[in-house]
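Data block below; observations after.
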Amino acid sequence: NPTPTPTEPEEVIPIESLELVGPTNMYVGKSAQFTVKVTPENATEKYTLHNSNDRYSTMTEDGLLTATGKGITTVTVETEDRRLTDSITVNISYYIAGVAVTADDDTIEVGQSTTLYASVLPEGTQNSGVYFVFSSAISKGAVTVSSNGYTCKVTGTKPGIVAITVGSQDHTSITKTIWITVKESTAPSVAFEKSSVSLRSGDTAKLNVSAKNISGTLTYQSNNESVATVDKDGTVHALLEGEAVITVTGSGNGKTVSATCTVTVTAPLPEIQLSTSELHLTQGETANVNASLRNATGKLSYESSAPNVVSVNDEGLLTALTAGEAKITVSFAGAQPAVLKVVVSEKAAPDTPDVRDVRIVLKNNELTLTVNEEGEVGAVLEGAEGVLSYESSAQDTVSVDENGKLLAKAVGEAIITVSFDGAESVTLRVTVVPTQAPNE
């Protein structure tokens, strides 16, 4: 047998350029064929295809890519010597035909809530989630919205209309919008302005209540009337230390509603009471502050704002020193200070009789006596009280004592002057004649 002649290896025609052809987006569960265009077309150099992420896809040797999960993968083609390469990044997502919401356009009242449940179509389609967009452009503040996953709770806060848009997170262009109309609530409601208050024993306070859709009057009740009572209008009277719960009840539209307020009563504060807020004194005069202490026992303290005008001692005794004003502050720990205004006026000068109104009046301007005869001046002081002064111009002829008693001593004349400080002096002429002898 003849020896076979060895064959020459076929010449490899190199690839000058290559291009990977295939989709950039795929849906989970779908397959796509990736092909390679080479230049020249008769190139015989080999190339290989690679899939970067087999977690979300699988690929055969001839380039058939099957999407198995949501994610991203890269398909790459390269020559055996890796001098030429090309690649395509593929975004794999779930096929979404639309978004469904359990509730269509809805109407709720203020205070009511409605829950929206969203899903993607077709049913059973896997999806990374949905989003909810709340538009307040039409009626700002009409609702509050809280979303969690595929649910969204919408609560009415005031009358208005709002739009809620639901969309797929995988395909943001796929959305559905529903309209929520909020109407004024017809349900009755009552609420205290404050859920709790603190009062001192002896205090009173009006509990403010807001009520809506209530027919008739509200009623109030205390669960502990030894601590606090409540009037028909909601005025609370704090009595003893402790706690009481005040309940307000009202009815409307066939429904009864109530609310509560907790009242805590504490011990009363010490209180300083004054018998008067202003006192008028004359310079040199004294008086008491007359302050008393309620809801406590102890010693009051006193302070004068102008000690040079009015001084005050530890017992509250006031002394008016000079003309002016002073504020006496009465204090006690824990109590609101009390202030007494004291006005001091100057001491008036003693009254001086008017000289024109004081005079000495004589019964007679002249008097005749015999030797050794006694008599009286007979002067009277008018317009004042006091002691008159007497003086004789001739004591040897007629003497006068301090009481105005006269004694004729010798024949002759004497002038008796009667005087008083502040009055015009007057005179009495006394003539003394001999004593007549008895007839024989």
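Each chain in the structure tokens gets a letter, A, B and so on, in the order shown; residues start at 1 in every chain, and ligands are counted from 1 in the order they appear.
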Hey, what's within 9 Å of Ser87 in chain A if we count only C-alpha atoms and toss same-chain stuff fewer than 2 positions away? As a PyMOL selection string, please?
chain A and resi 19-21+74-78+85+89
Export of prior selection with C-alpha atoms as a PDB file, in the first residue's frame:
```pdb
ATOM      1  CA  GLU A  19     -20.453  42.665  16.877  1.00  0.00           C
ATOM      2  CA  LEU A  20     -22.776  41.075  19.412  1.00  0.00           C
ATOM      3  CA  VAL A  21     -26.462  41.357  18.511  1.00  0.00           C
ATOM      4  CA  THR A  74     -23.885  40.943  30.702  1.00  0.00           C
ATOM      5  CA  VAL A  75     -23.464  38.794  27.565  1.00  0.00           C
ATOM      6  CA  THR A  76     -19.930  38.971  26.132  1.00  0.00           C
ATOM      7  CA  VAL A  77     -18.380  37.633  22.907  1.00  0.00           C
ATOM      8  CA  GLU A  78     -14.595  37.397  22.403  1.00  0.00           C
ATOM      9  CA  THR A  85     -14.544  41.567  22.287  1.00  0.00           C
ATOM     10  CA  THR A  89     -25.855  44.538  29.297  1.00  0.00           C
TER      11      THR A  89
END
```
Nearest to Val344 in chain A: which of A:Asp314, A:Asp105, A:Glu325, A:Glu385 is it, counting only C-alpha atoms?
A:Glu325
Excluding Ala296 in chain A and any residue of its chain fewer than 2 positions from it, enumerate the residues within 8 Å of it, using only C-alpha atoms, and give them as a list in words.
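Within the cut-off, the hits are Pro270, Glu271, Leu293, Arg294 and Gly298 of chain A.
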Name the residues in contact with range 369-378 of chain A at a cut-off of 6 Å, using only C-alpha atoms, excluding same-chain residues fewer than 4 positions from it; report them as a VMD selection string.
chain A and resid 362 to 363 404 to 410 432 to 435
Smallest atom-to-atom distance to Ala238 in chain A: which of A:Thr368, A:Ser201, A:Ser419, A:Asn224, using only C-alpha atoms?
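Of all the options, A:Ser201 lies closest to Ala238 in chain A.
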When distances are computed from only C-alpha atoms, which of A:Val263, A:Ile96, A:Val190, A:Val197 shows the smallest separation from Val209 in chain A?
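For Val209 in chain A, the nearest of the given residues is A:Val190.
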Would you mind listing what lies within 12 Å of Glu225 in chain A as a ChimeraX atom specification, with only C-alpha atoms counted and same-chain residues fewer than 3 positions away left out?
/A:220-222,228-231,236-246,263,265
Would you kindly return, as a ChimeraX atom specification, each protein, DNA or RNA residue with an atom no farther than 8 Å from any atom of Val38 in chain A, considering only C-alpha atoms and excluding same-chain residues fewer than 5 positions away?
/A:15-19,43
For the residues in the current selection, export C-alpha atoms as a tab-separated table (two decimals), in the first residue's frame.
```tsv
chain	number	residue	atom	x	y	z
A	15	ILE	CA	-11.74	37.91	12.30
A	16	GLU	CA	-11.14	41.53	11.68
A	17	SER	CA	-14.14	42.82	13.70
A	18	LEU	CA	-17.10	41.36	15.54
A	19	GLU	CA	-20.45	42.66	16.88
A	43	ALA	CA	-13.65	34.35	8.70
```
Tyr117 in chain A environment, 10 Å, only C-alpha atoms, sequence neighbours closer than 5 positions dropped, as a PDB file with C-alpha atoms, in the first residue's frame:
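New file around-v4.pdb:
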```pdb
ATOM      1  CA  ALA A 100     -54.910  47.037  40.232  1.00  0.00           C
ATOM      2  CA  VAL A 101     -56.352  48.699  43.367  1.00  0.00           C
ATOM      3  CA  THR A 102     -59.105  47.077  45.430  1.00  0.00           C
ATOM      4  CA  ALA A 103     -60.949  50.392  45.804  1.00  0.00           C
ATOM      5  CA  SER A 147     -48.206  53.373  53.058  1.00  0.00           C
ATOM      6  CA  GLY A 149     -45.745  47.698  50.940  1.00  0.00           C
ATOM      7  CA  TYR A 150     -48.862  47.012  48.902  1.00  0.00           C
ATOM      8  CA  THR A 151     -51.234  48.857  51.285  1.00  0.00           C
ATOM      9  CA  CYS A 152     -51.972  52.538  51.783  1.00  0.00           C
ATOM     10  CA  LYS A 153     -54.123  54.017  54.588  1.00  0.00           C
ATOM     11  CA  VAL A 166     -50.355  53.828  42.416  1.00  0.00           C
TER      12      VAL A 166
END
```
If you run DSSP on the backbone, which residues of range 139-342 of chain A are strand (DSSP E or B), as a PyMOL selection string?
chain A and resi 143-148+151-156+160-168+175-183+189-192+196-200+204-206+209-212+215-222+228-230+235-238+242-252+255-266+271-274+278-282+286-288+291-294+301-304+310-312+317-320+324-331+338-342
